[in-house]
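*Asks:* For reference, the file structure_7.cif (mmCIF, C-alpha atoms; chains and numbers go by the auth columns) is included below:
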data_final
#
loop_
_atom_site.group_PDB
_atom_site.id
_atom_site.type_symbol
_atom_site.label_atom_id
_atom_site.label_comp_id
_atom_site.label_asym_id
_atom_site.label_seq_id
_atom_site.Cartn_x
_atom_site.Cartn_y
_atom_site.Cartn_z
_atom_site.B_iso_or_equiv
_atom_site.auth_seq_id
_atom_site.auth_asym_id
ATOM 1 C CA MET A 1 0.000 0.000 0.000 0.00 22 A
ATOM 2 C CA LYS A 2 1.131 3.503 -0.708 0.00 23 A
ATOM 3 C CA PRO A 3 2.080 5.331 2.509 0.00 24 A
ATOM 4 C CA GLY A 4 0.218 8.459 3.563 0.00 25 A
ATOM 5 C CA ILE A 5 -2.901 8.151 1.389 0.00 26 A
ATOM 6 C CA HIS A 6 -5.025 5.688 3.355 0.00 27 A
ATOM 7 C CA PRO A 7 -7.256 6.590 6.327 0.00 28 A
ATOM 8 C CA ALA A 8 -6.374 5.316 9.776 0.00 29 A
ATOM 9 C CA TYR A 9 -7.682 1.793 10.415 0.00 30 A
ATOM 10 C CA GLY A 10 -8.410 1.096 14.062 0.00 31 A
ATOM 11 C CA LEU A 11 -10.790 -0.311 16.640 0.00 32 A
ATOM 12 C CA VAL A 12 -14.272 1.259 16.709 0.00 33 A
ATOM 13 C CA VAL A 13 -17.455 0.393 18.623 0.00 34 A
ATOM 14 C CA PHE A 14 -20.618 0.257 16.518 0.00 35 A
ATOM 15 C CA ARG A 15 -23.759 0.749 18.622 0.00 36 A
ATOM 16 C CA ASP A 16 -27.175 -0.295 17.248 0.00 37 A
ATOM 17 C CA THR A 17 -29.677 2.212 18.631 0.00 38 A
ATOM 18 C CA ALA A 18 -32.708 0.092 17.697 0.00 39 A
ATOM 19 C CA ALA A 19 -31.631 -3.089 19.492 0.00 40 A
ATOM 20 C CA ASP A 20 -29.407 -1.713 22.265 0.00 41 A
ATOM 21 C CA PHE A 21 -26.534 -3.816 20.942 0.00 42 A
ATOM 22 C CA ALA A 22 -22.883 -2.897 20.454 0.00 43 A
ATOM 23 C CA PHE A 23 -19.875 -4.627 18.961 0.00 44 A
ATOM 24 C CA LEU A 24 -16.195 -3.842 18.654 0.00 45 A
ATOM 25 C CA THR A 25 -14.560 -4.149 15.250 0.00 46 A
ATOM 26 C CA ARG A 26 -11.941 -2.500 13.086 0.00 47 A
ATOM 27 C CA SER A 27 -12.938 0.300 10.728 0.00 48 A
ATOM 28 C CA THR A 28 -11.755 3.498 9.074 0.00 49 A
ATOM 29 C CA LEU A 29 -14.743 5.388 10.520 0.00 50 A
ATOM 30 C CA THR A 30 -14.041 7.710 13.411 0.00 51 A
ATOM 31 C CA SER A 31 -16.142 9.706 15.834 0.00 52 A
ATOM 32 C CA ASP A 32 -15.725 12.490 18.353 0.00 53 A
ATOM 33 C CA ARG A 33 -17.747 10.498 20.870 0.00 54 A
ATOM 34 C CA THR A 34 -16.118 7.702 22.843 0.00 55 A
ATOM 35 C CA VAL A 35 -17.295 4.845 25.025 0.00 56 A
ATOM 36 C CA GLU A 36 -15.556 2.672 27.578 0.00 57 A
ATOM 37 C CA TRP A 37 -15.681 -0.914 26.345 0.00 58 A
ATOM 38 C CA GLU A 38 -15.851 -4.151 28.384 0.00 59 A
ATOM 39 C CA ASP A 39 -12.062 -4.512 28.349 0.00 60 A
ATOM 40 C CA GLY A 40 -11.644 -1.160 30.117 0.00 61 A
ATOM 41 C CA ASN A 41 -10.283 0.709 27.085 0.00 62 A
ATOM 42 C CA THR A 42 -11.928 3.740 25.492 0.00 63 A
ATOM 43 C CA TYR A 43 -12.871 3.555 21.803 0.00 64 A
ATOM 44 C CA PRO A 44 -14.675 5.855 19.368 0.00 65 A
ATOM 45 C CA VAL A 45 -18.364 4.953 19.059 0.00 66 A
ATOM 46 C CA VAL A 46 -20.475 5.134 15.884 0.00 67 A
ATOM 47 C CA ASP A 47 -24.264 4.897 16.256 0.00 68 A
ATOM 48 C CA VAL A 48 -26.087 2.923 13.558 0.00 69 A
ATOM 49 C CA GLU A 49 -29.822 2.448 13.075 0.00 70 A
ATOM 50 C CA THR A 50 -29.697 -1.138 11.833 0.00 71 A
ATOM 51 C CA SER A 51 -27.341 -4.038 12.428 0.00 72 A
ATOM 52 C CA SER A 52 -27.594 -7.810 12.413 0.00 73 A
ATOM 53 C CA ALA A 53 -29.246 -7.560 15.852 0.00 74 A
ATOM 54 C CA SER A 54 -32.211 -5.523 14.579 0.00 75 A
ATOM 55 C CA HIS A 55 -32.518 -6.177 10.828 0.00 76 A
ATOM 56 C CA PRO A 56 -35.583 -8.331 9.991 0.00 77 A
ATOM 57 C CA PHE A 57 -33.590 -10.621 7.698 0.00 78 A
ATOM 58 C CA TYR A 58 -31.194 -11.635 10.476 0.00 79 A
ATOM 59 C CA THR A 59 -33.746 -11.736 13.291 0.00 80 A
ATOM 60 C CA GLY A 60 -36.145 -13.997 11.386 0.00 81 A
ATOM 61 C CA THR A 61 -39.023 -11.522 11.366 0.00 82 A
ATOM 62 C CA ALA A 62 -38.827 -10.795 7.633 0.00 83 A
ATOM 63 C CA ARG A 63 -42.145 -10.985 5.803 0.00 84 A
ATOM 64 C CA VAL A 64 -42.537 -12.328 2.301 0.00 85 A
ATOM 65 C CA LEU A 65 -44.653 -10.010 0.190 0.00 86 A
ATOM 66 C CA ASP A 66 -47.120 -11.669 -2.134 0.00 87 A
ATOM 67 C CA THR A 67 -47.298 -9.171 -4.987 0.00 88 A
ATOM 68 C CA ALA A 68 -49.653 -11.329 -7.054 0.00 89 A
ATOM 69 C CA GLY A 69 -52.062 -11.537 -4.132 0.00 90 A
ATOM 70 C CA ARG A 70 -51.921 -7.771 -3.671 0.00 91 A
ATOM 71 C CA VAL A 71 -52.824 -7.147 -7.306 0.00 92 A
ATOM 72 C CA GLU A 72 -55.735 -9.576 -7.114 0.00 93 A
ATOM 73 C CA ARG A 73 -56.977 -7.992 -3.903 0.00 94 A
ATOM 74 C CA PHE A 74 -56.748 -4.518 -5.480 0.00 95 A
ATOM 75 C CA GLU A 75 -58.720 -5.698 -8.531 0.00 96 A
ATOM 76 C CA ARG A 76 -61.414 -7.267 -6.327 0.00 97 A
ATOM 77 C CA ARG A 77 -61.711 -4.099 -4.276 0.00 98 A
ATOM 78 C CA TYR A 78 -61.652 -1.499 -7.033 0.00 99 A
ATOM 79 C CA GLY A 79 -62.458 -3.480 -10.144 0.00 100 A
ATOM 80 C CA ARG A 80 -60.375 -4.186 -13.155 0.00 101 A
ATOM 81 C CA ARG A 81 -59.334 -1.290 -15.372 0.00 102 A
ATOM 82 C CA GLU A 82 -60.883 -1.461 -18.827 0.00 103 A
ATOM 83 C CA ALA A 83 -58.628 -1.208 -21.897 0.00 104 A
ATOM 84 C CA LYS A 84 -59.368 1.729 -24.206 0.00 105 A
#
Taking this structure as input, can you express it in the form of structure tokens?
*Replies:*
Amino acid sequence: MKPGIHPAYGLVVFRDTAADFAFLTRSTLTSDRTVEWEDGNTYPVVDVETSSASHPFYTGTARVLDTAGRVERFERRYGRREAK
């Protein structure tokens, strides 16, 4: 790698605000805010809205949308549009 052109790569805490979950990983993101982690060290903290702890795909609460059923329900409710 070329020296002096890459951002600093260090330990950062990502905190999921939706699930009250945090994890320590390495990243180039930084923050002015810090948090004391379980190991007693202080790390920059980045708040995120969604992580694997709160995303429906990972938590198993994802819903499958039936688009064909929605179209049929719409046509039953409002009638079918006539071709001109």
*Asks:* One decimal, in Å: what's the spacing between CA of Val34 (chain A) and CA of Gly61 (chain A)?
*Replies:*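 So the two atoms, CA of Val34 (chain A) and CA of Gly61 (chain A), lie 13.0 Å apart.
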*Asks:* Find the distance between CA of Thr63 (chain A) and CA of Pro28 (chain A) and write it in Å to one decimal.
*Replies:*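 Between CA of Thr63 (chain A) and CA of Pro28 (chain A) the gap works out to 19.9 Å.
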*Asks:* Can you tell me how far CA of Ser52 (chain A) sits from CA of Ile26 (chain A), in Å to one decimal?
*Replies:*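 Value for the CA of Ser52 (chain A)-CA of Ile26 (chain A) distance: 19.7 Å.
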*Asks:* Can you turn the PyMOL selection byres ((chain A and resi 35) around 6) into a concrete residue list for this file, as an MDAnalysis selection string?
*Replies:* chainID A and resid 34 36 43:44 66:68
*Asks:* From (-27.3, -2.9, 12.2), in the file's coordinates, out to 12 Å: which residues are reached, counting only C-alpha atoms? Answer as JSON, numbers by chain.
*Replies:* {"A": [35, 36, 37, 38, 39, 40, 41, 42, 43, 44, 67, 68, 69, 70, 71, 72, 73, 74, 75, 76, 77, 78, 79, 80]}
*Asks:* Give me, as an mmCIF file with C-alpha atoms, in the coordinates of the input, all polymer residues having an atom no more than 8 Å from Pro65 (chain A), counting all atoms listed in the file and skipping those fewer than 6 positions away in the same chain.
*Replies:*
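Saved result, selection_29.cif, follows:
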data_model
loop_
_atom_site.group_PDB
_atom_site.id
_atom_site.type_symbol
_atom_site.label_atom_id
_atom_site.label_comp_id
_atom_site.auth_asym_id
_atom_site.auth_seq_id
_atom_site.Cartn_x
_atom_site.Cartn_y
_atom_site.Cartn_z
ATOM 1 C CA LEU A 32 -10.790 -0.311 16.640
ATOM 2 C CA VAL A 33 -14.272 1.259 16.709
ATOM 3 C CA VAL A 34 -17.455 0.393 18.623
ATOM 4 C CA THR A 51 -14.041 7.710 13.411
ATOM 5 C CA SER A 52 -16.142 9.706 15.834
ATOM 6 C CA ASP A 53 -15.725 12.490 18.353
ATOM 7 C CA ARG A 54 -17.747 10.498 20.870
ATOM 8 C CA THR A 55 -16.118 7.702 22.843
ATOM 9 C CA VAL A 56 -17.295 4.845 25.025
#
*Asks:* Enumerate, as a list of chain:residue names, the residues matched when the PyMOL selection byres ((chain A and resi 47) around 8) is run on the file above.
*Replies:*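 After applying the PyMOL selection byres ((chain A and resi 47) around 8), what remains is A:Tyr30, A:Gly31, A:Leu32, A:Val33, A:Leu45, A:Thr46, A:Ser48, A:Thr49.
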*Asks:* Put a box with edges along x, y and z around all the listed atoms of region 26-39 of chain A, pad it by 4 Å on each side, then give me its centre and sizes in Å, one decimal, as AutoDock Vina command-line options.
*Replies:*
--center_x -17.8 --center_y 3.9 --center_z 10.0 --size_x 37.8 --size_y 16.5 --size_z 25.2
